[in-house]
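Beneath this line is the structure, given in structure tokens, with notes to follow.
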Amino acid sequence: METATFESLNDKGLKYYDYEYKKRLEHVKKLVVEHPQYQEVYEEIEEVHIISRESVQASNLYVYGLTGVGKTTIVKQYTDNFRRQLTETGTIITVLYVKVPPRLKTPKALASKILGEMGDLFANSGTDEEMGRRIIQYARECQLELIILDEFQHLIDRETHNVLATASDWLKLLTEELNIPVILCGLPESNAIFEYNEQLDGRYPRRILLEPFGFGDKVQQKEFRIFLKTIDEGLPFSEISNLSDPILASKMHYVTEGVPRYVKDILIEATKLSLKRGIDQINEDSLHDAFHRITRSNQIHAINPFGDNQFDYFNAVATKQMKDEAFIKSQSQNAISKRKKKKIPS
């Protein structure tokens, strides 16, 4: 992660329209920490890419995990390392990143998205088969070596939760014809696609689960604190914020559940507040107020730990889980009660 030097604010608060405010805020948004899991996935992608060059059988990889763990960040960074090159004979596209469109009823929407990313001016025209042939033709002309398909779970119908059979079959055939590695990224529920399509399942023996940081033991706590320390060193302030302090780290994990995106979300809000207040670090006051500026549906029973000198991580987690379970039980009972009322004749 690149580091930069920032001058002291000298207790002078910045306004949101100040150039310095926007520059520092953008710096936080761009922060990427290449932690061990991140490096593992990146290196796996690189290995699949390299060993598949001129191979009789391309290797494939499936990366999955919850929202916010960093799947998209990793694959986009890998893609960015292979910029498109304009030559006299055409465009060279070494790595192609494609986000699978939602509500994918037929293969045509996916084929159109792939063609569009390749630069086809008529990406929406043709049958499924014709579009598939064009993808193969363009892949050869562009010297394509790797395709990354993100949001793979969109091959599951959101309303029926059924796997979109035609689309998954089309994708399986396309990967066979291309004979270049195709990296798939998605949420854990996309595993159902492999369970449904045995042939596609067989082409993806290597799968990596990207998980949030844990905090259940000393090893996990150390890993999370190292992650926070690295972020701290990259924050746009002249002083260190001591995010890796054991107590403060436990509060950060409680609020974010160890999900990198959620860590960044609260730090972005805390950065805004510190800049406006002219503070040269993110302190607990900024984190306390930032907590109330962020809404997450799965954290409705979380308390605000920042500024609480009596905060106990494990007790707080247990209490929140107990309240979550009681809430879910109550919601389920209310749903059953409503269904029973509907059956009673008027």
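Within each chain, counting starts at residue 1; across the structure tokens, chains are named A, B, ... in the order shown, with ligands numbered 1 upward in that order.
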
For the interface of region 139-257 of chain A with region 57-78 of chain A (cut-off 6 Å, counting only C-alpha atoms), please tabulate each contacting residue of region 139-257 of chain A alongside its nearest pair of atoms and their separation in Å to one decimal, rows sorted by chain and increasing number, as a tab-separated table.
```
residue	atom	partner	partner_atom	distance
A:Asn179	CA	A:Ala58	CA	5.5
A:Ile180	CA	A:Ala58	CA	5.1
A:Pro181	CA	A:Asn60	CA	5.0
A:Val182	CA	A:Asn60	CA	5.6
A:Ile183	CA	A:Leu61	CA	5.0
A:Leu184	CA	A:Tyr62	CA	4.7
A:Cys185	CA	A:Val63	CA	4.8
A:Gly186	CA	A:Tyr64	CA	4.9
A:Leu187	CA	A:Gly65	CA	5.2
A:Pro188	CA	A:Gly65	CA	5.5
A:Tyr204	CA	A:Asn60	CA	5.7
A:Arg206	CA	A:Leu61	CA	5.4
A:Arg207	CA	A:Tyr62	CA	4.7
A:Ile208	CA	A:Val63	CA	4.9
A:Leu209	CA	A:Tyr64	CA	5.1
A:Leu210	CA	A:Gly65	CA	5.0
A:Pro212	CA	A:Val69	CA	5.8
```

- Message: Which of region 90-165 of chain A end up as helix (DSSP H, G or I) when DSSP is run on this backbone - answer as a PyMOL selection string?
- Response: chain A and resi 107-118+128-141+152-155+165

- Among listed residues A:Leu173, A:Ala302, A:Ile114, A:Leu121, nearest Tyr254 (chain A) (using only C-alpha atoms):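 The answer is A:Ala302, which sits nearest to Tyr254 (chain A).
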
- Task: Please provide the set of residues having any atom within 7 Å of region 152-158 of chain A, restricted to only C-alpha atoms, with same-chain residues fewer than 4 positions apart removed, written as a list in words.
- Result: Val100, Pro101, Pro102, Arg103, Leu104, Asn162, Val163, Leu164, Ala167, Ser168, Leu184, Cys185, Gly186, Leu187, Glu189 and Ser190 of chain A

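Nearest to Ala270 (chain A) of all the residues A:Trp170, A:Leu178, A:Ile136, A:Val28 is A:Val28, based on only C-alpha atoms.
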
- Enter the distance from CA of Met322 (chain A) to CA of Pro305 (chain A), in Å, rounded to one decimal.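 Atom-to-atom, CA of Met322 (chain A) and CA of Pro305 (chain A) are spaced 17.4 Å apart.
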
- Task: Identify, with DSSP run on backbone atoms, the residues in region 136-279 of chain A assigned to strand (DSSP E or B), and express the list as a list in words.
- Result: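 For region 136-279 of chain A, the strand (DSSP E or B) set is Leu146, Ile147, Ile148, Leu149, Asp150, Ile156, Val163, Val182, Ile183, Leu184, Cys185, Gly186, Arg207, Ile208 and Leu209 of chain A.
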
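You can rank A:Arg83, A:Ser250, A:His301, A:Pro236 by their closest distance to Glu20 (chain A) using only C-alpha atoms, and at the top of that list sits A:Pro236.
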
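Nearest to Ile93 (chain A) of all the residues A:Glu130, A:Glu7, A:Glu46, A:Glu141 is A:Glu141, counting only C-alpha atoms.
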
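Nearest to Lys272 (chain A) of all the residues A:Arg293, A:His35, A:His253, A:His49 is A:Arg293, counting only C-alpha atoms.
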
- Task: Give the answer as one residue: which of A:Thr106, A:Asn304, A:Thr94, A:Thr5 has the shortest atom-to-atom distance to Met252 (chain A), using only C-alpha atoms?
- Result: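 Of A:Thr106, A:Asn304, A:Thr94, A:Thr5, the one nearest Met252 (chain A), counting only C-alpha atoms, is A:Asn304.
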
- Task: Measure the distance from CA of Phe227 (chain A) to CA of Val41 (chain A) in Å and round it to one decimal.
- Result: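 Taking CA of Phe227 (chain A) and CA of Val41 (chain A), their separation equals 16.5 Å.
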
- Selection: 10 Å around Leu267 (chain A), only C-alpha atoms, excl. self and same-chain fewer than 3 positions, as a list of chain:residue names: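 So the residues in contact are A:Leu25, A:Val28, A:Lys29, A:Ile231, A:Asp232, A:Leu235, A:Met252, A:Arg261, A:Tyr262, A:Val263, A:Lys264, A:Ala270, A:Thr271, A:Lys272, A:Leu273, A:Ile282, A:Ser286, A:Leu287, A:Ala290, A:Phe291.
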